[in-house]
file entry.cif (mmCIF, C-alpha atoms)
data_coords
loop_
_atom_site.label_atom_id
_atom_site.label_comp_id
_atom_site.auth_asym_id
_atom_site.auth_seq_id
_atom_site.Cartn_x
_atom_site.Cartn_y
_atom_site.Cartn_z
CA MET R 3 86.56 224.66 211.81
CA LEU R 4 90.04 225.20 210.44
CA HIS R 5 90.82 224.34 206.88
CA GLU R 6 94.33 223.95 205.69
CA ILE R 7 94.66 225.17 202.15
CA LEU R 8 97.69 224.14 200.20
CA PRO R 9 99.58 227.16 198.85
CA THR R 10 99.01 225.95 195.28
CA ASN R 11 95.23 226.21 195.76
CA ILE R 12 95.17 229.92 196.49
CA ALA R 13 94.68 232.65 193.92
CA GLY R 14 98.14 234.19 193.83
CA THR R 15 98.30 236.98 191.30
CA LEU R 16 96.35 240.22 191.48
CA SER R 17 94.35 239.34 188.37
CA GLN R 18 93.47 235.92 189.80
CA ARG R 19 92.34 237.43 193.09
CA TRP R 20 90.31 240.08 191.31
CA ARG R 21 88.60 237.59 188.97
CA LEU R 22 87.90 235.19 191.81
CA GLY R 23 86.38 238.00 193.87
CA ASP R 24 84.27 238.99 190.88
CA VAL R 25 82.98 235.44 190.41
CA ILE R 26 82.16 235.16 194.13
CA ALA R 27 80.19 238.44 193.98
CA LEU R 28 78.31 237.26 190.88
CA CYS R 29 77.41 233.98 192.60
CA ARG R 30 76.08 235.95 195.58
CA ASP R 31 74.05 238.16 193.20
CA SER R 32 72.61 235.10 191.51
CA ALA R 33 71.75 233.51 194.87
CA LYS R 34 69.91 236.64 196.00
CA THR R 35 68.04 236.89 192.71
CA PHE R 36 66.85 233.28 192.96
CA ARG R 37 65.88 233.91 196.59
CA SER R 38 63.78 236.91 195.52
CA ALA R 39 62.10 234.84 192.81
CA SER R 40 61.23 232.18 195.37
CA THR R 41 59.09 234.68 197.32
CA ILE R 42 56.47 234.59 194.56
CA PRO R 43 53.99 231.80 195.29
CA SER R 44 54.42 229.07 192.69
CA ALA R 45 54.91 225.36 192.26
CA HIS R 46 58.62 226.03 191.65
CA ARG R 47 59.34 227.74 194.96
CA ALA R 48 61.31 224.86 196.48
CA GLU R 49 63.41 224.49 193.34
CA LEU R 50 64.22 228.22 193.30
CA ILE R 51 65.25 228.12 196.96
CA ALA R 52 67.49 225.12 196.20
CA LEU R 53 69.10 227.03 193.32
CA SER R 54 69.68 230.01 195.60
CA ARG R 55 71.39 227.79 198.15
CA ARG R 56 73.46 226.16 195.42
CA ARG R 57 74.75 229.54 194.21
CA SER R 58 75.63 230.44 197.80
CA SER R 59 77.55 227.18 198.11
CA PHE R 60 79.44 228.06 194.90
CA ALA R 61 80.53 231.36 196.45
CA HIS R 62 81.48 229.65 199.70
CA ARG R 63 83.58 227.02 197.94
CA LEU R 64 85.35 229.62 195.80
CA SER R 65 86.06 231.79 198.84
CA GLY R 66 88.20 228.90 200.11
CA PHE R 67 90.66 229.71 197.33
CA THR R 68 91.20 233.26 198.58
CA ARG R 69 93.92 234.30 200.99
CA GLU R 70 91.35 235.27 203.62
CA PRO R 71 88.30 232.99 203.15
CA ASP R 72 86.39 234.45 206.08
CA THR R 73 86.40 237.95 204.63
CA ALA R 74 85.54 236.96 201.05
CA ASN R 75 82.54 238.73 199.53
CA THR R 76 79.38 238.06 201.53
CA ARG R 77 77.01 240.61 200.00
CA GLY R 78 77.27 240.52 196.22
CA SER R 79 78.06 243.40 193.91
CA LEU R 80 76.68 246.93 193.84
CA ALA R 81 75.52 246.34 190.26
CA GLY R 82 73.57 243.28 191.39
CA LEU R 83 72.02 245.24 194.23
CA ALA R 84 71.05 248.02 191.82
CA ALA R 85 69.49 245.54 189.37
CA ARG R 86 67.46 243.87 192.13
CA SER R 87 66.37 247.26 193.49
CA ILE R 88 65.24 248.48 190.07
CA PHE R 89 63.32 245.24 189.52
CA ASP R 90 61.65 245.53 192.94
CA MET R 91 60.82 249.21 192.36
CA ARG R 92 59.27 248.43 188.97
CA ALA R 93 57.16 245.64 190.47
CA TRP R 94 56.06 247.94 193.30
CA LEU R 95 55.17 250.82 190.96
CA LEU R 96 53.22 248.58 188.61
CA GLY R 97 51.64 246.73 191.51
CA GLN R 98 52.47 243.36 190.10
CA SER R 99 55.00 240.63 190.37
CA HIS R 100 55.06 237.77 187.95
CA LEU R 101 57.17 234.65 188.19
CA GLY R 102 58.12 234.98 184.51
CA ASP R 103 59.68 238.39 185.15
CA SER R 104 61.53 237.05 188.17
CA LEU R 105 62.81 234.09 186.19
CA ALA R 106 64.03 236.49 183.50
CA ALA R 107 65.96 238.34 186.22
CA CYS R 108 67.40 235.00 187.37
CA LEU R 109 68.49 234.24 183.81
CA ARG R 110 70.20 237.64 183.54
CA ALA R 111 72.01 237.03 186.84
CA ASP R 112 73.13 233.59 185.67
CA THR R 113 74.27 235.01 182.32
CA ASP R 114 76.37 237.57 184.18
CA ALA R 115 77.78 234.82 186.39
CA ALA R 116 78.57 232.61 183.37
CA THR R 117 80.39 235.53 181.74
CA GLY R 118 82.40 236.06 184.93
CA PHE R 119 83.28 232.38 185.08
CA SER R 120 84.37 232.40 181.42
CA ARG R 121 86.60 235.42 182.03
CA ALA R 122 88.08 233.74 185.09
CA LEU R 123 88.76 230.55 183.15
CA ALA R 124 90.76 232.57 180.62
CA LEU R 125 93.47 232.94 183.31
CA ASP R 126 96.02 230.31 184.27
CA TRP R 127 95.13 228.82 187.66
CA ASN R 128 97.08 226.88 190.26
CA GLY R 129 95.92 223.56 191.68
CA ASP R 130 92.32 222.57 191.11
CA ILE R 131 90.79 226.06 190.99
CA ALA R 132 90.18 225.82 187.23
CA ASP R 133 88.44 222.45 187.68
CA VAL R 134 86.10 223.92 190.28
CA LEU R 135 85.36 226.93 188.07
CA GLU R 136 84.59 224.68 185.08
CA GLU R 137 82.37 222.40 187.16
CA GLN R 138 80.38 225.34 188.51
CA LEU R 139 80.09 226.96 185.07
CA ASP R 140 78.68 223.72 183.65
CA GLU R 141 76.09 223.62 186.42
CA ILE R 142 75.12 227.26 185.83
CA GLU R 143 74.59 226.55 182.14
CA ALA R 144 72.44 223.50 182.94
CA THR R 145 70.43 225.52 185.43
CA SER R 146 69.84 228.26 182.87
CA THR R 147 68.36 225.67 180.53
CA ARG R 148 66.06 224.45 183.33
CA VAL R 149 64.95 227.99 184.23
CA ARG R 150 64.17 228.69 180.56
CA ALA R 151 62.02 225.54 180.52
CA ILE R 152 60.15 226.63 183.67
CA ARG R 153 59.62 230.09 182.19
CA GLY R 154 58.30 228.52 178.98
CA GLN R 155 55.66 226.62 180.96
CA LEU R 156 54.14 229.79 182.42
#

call {"tool": "encode", "arguments": {"input": "entry.cif", "output": "structure tokens"}}
result
Amino acid sequence: MLHEILPTNIAGTLSQRWRLGDVIALCRDSAKTFRSASTIPSAHRAELIALSRRRSSFAHRLSGFTREPDTANTRGSLAGLAARSIFDMRAWLLGQSHLGDSLAACLRADTDAATGFSRALALDWNGDIADVLEEQLDEIEATSTRVRAIRGQL
């Protein structure tokens, strides 16, 4: 499916492209962290999967503002991969996995994403890119509140 993107809705400067790529990678990291948390049997599994899918949709929507949407980040960042690997290694070594620990990892990933969004919003954007960034940041903040509430119930 071809999408025609107006030239004003594309990240033009190097700093805009870099920040947008960073935010996309952080959304992918957050999606993968929520997906990992959903593997732990709990009553919140479906909600965690939905949050993972939502973060993936954030990254997909933002990749539409890049010059080459099809080649935008699809894997996440190396730092996110390292954090997930360390968490998995710790759980394996200790022989335990607890939803509370996984939710804490989700909160850290969302905090990183929110920081990336805030840094991106500090730039001047063309078209409606800033509106999309603000909308997604608001949803991340609301989700963080919900995840804290779930974690408090454990």

call {"tool": "resolve_selection", "arguments": {"input": "entry.cif", "expression": "the PyMOL selection byres ((chain R and resi 36) around 8)", "output": "PyMOL selection string"}}
result
chain R and resi 32-35+37-40+50-51+53-54+105+108

call {"tool": "resolve_selection", "arguments": {"input": "entry.cif", "expression": "the PyMOL selection byres ((chain R and resi 156) around 10)", "output": "PyMOL selection string"}}
result
chain R and resi 100-102+151-155

call {"tool": "write_last_selection", "arguments": {"input": "entry.cif", "atoms": "C-alpha atoms", "output": "PDB file, keeping the file's coordinate frame"}}
result
ATOM      1  CA  HIS R 100      55.060 237.770 187.950  1.00  0.00           C
ATOM      2  CA  LEU R 101      57.170 234.650 188.190  1.00  0.00           C
ATOM      3  CA  GLY R 102      58.120 234.980 184.510  1.00  0.00           C
ATOM      4  CA  ALA R 151      62.020 225.540 180.520  1.00  0.00           C
ATOM      5  CA  ILE R 152      60.150 226.630 183.670  1.00  0.00           C
ATOM      6  CA  ARG R 153      59.620 230.090 182.190  1.00  0.00           C
ATOM      7  CA  GLY R 154      58.300 228.520 178.980  1.00  0.00           C
ATOM      8  CA  GLN R 155      55.660 226.620 180.960  1.00  0.00           C
TER       9      GLN R 155
END

call {"tool": "closest_residue", "arguments": {"input": "entry.cif", "among": "R:Cys29, R:Ala52, R:Ala107, R:Ala13", "to": "Ile131 (chain R)", "atoms": "all atoms listed in the file"}}
result
R:Ala13

call {"tool": "resolve_selection", "arguments": {"input": "entry.cif", "expression": "the PyMOL selection byres ((chain R and resi 146) around 10)", "output": "ChimeraX atom specification"}}
result
/R:105,108-113,116,140-145,147-152

call {"tool": "atom_distance", "arguments": {"input": "entry.cif", "atom1": "CA of Ile26 (chain R)", "atom2": "CA of Asp103 (chain R)"}}
result
24.4 Å

call {"tool": "atom_distance", "arguments": {"input": "entry.cif", "atom1": "CA of His46 (chain R)", "atom2": "CA of Arg30 (chain R)"}}
result
20.5 Å

call {"tool": "atom_distance", "arguments": {"input": "entry.cif", "atom1": "CA of Gly14 (chain R)", "atom2": "CA of Thr68 (chain R)"}}
result
8.5 Å

call {"tool": "closest_residue", "arguments": {"input": "entry.cif", "among": "R:Ser104, R:Ser65, R:Asn11, R:Asn128", "to": "Val25 (chain R)", "atoms": "all atoms listed in the file"}}
result
R:Ser65

call {"tool": "closest_residue", "arguments": {"input": "entry.cif", "among": "R:Leu22, R:Ala48, R:Ala106, R:Ala61", "to": "Phe119 (chain R)", "atoms": "all atoms listed in the file"}}
result
R:Leu22

call {"tool": "closest_residue", "arguments": {"input": "entry.cif", "among": "R:Val134, R:Leu16, R:Leu139, R:Leu125", "to": "Arg63 (chain R)", "atoms": "only C-alpha atoms"}}
result
R:Val134
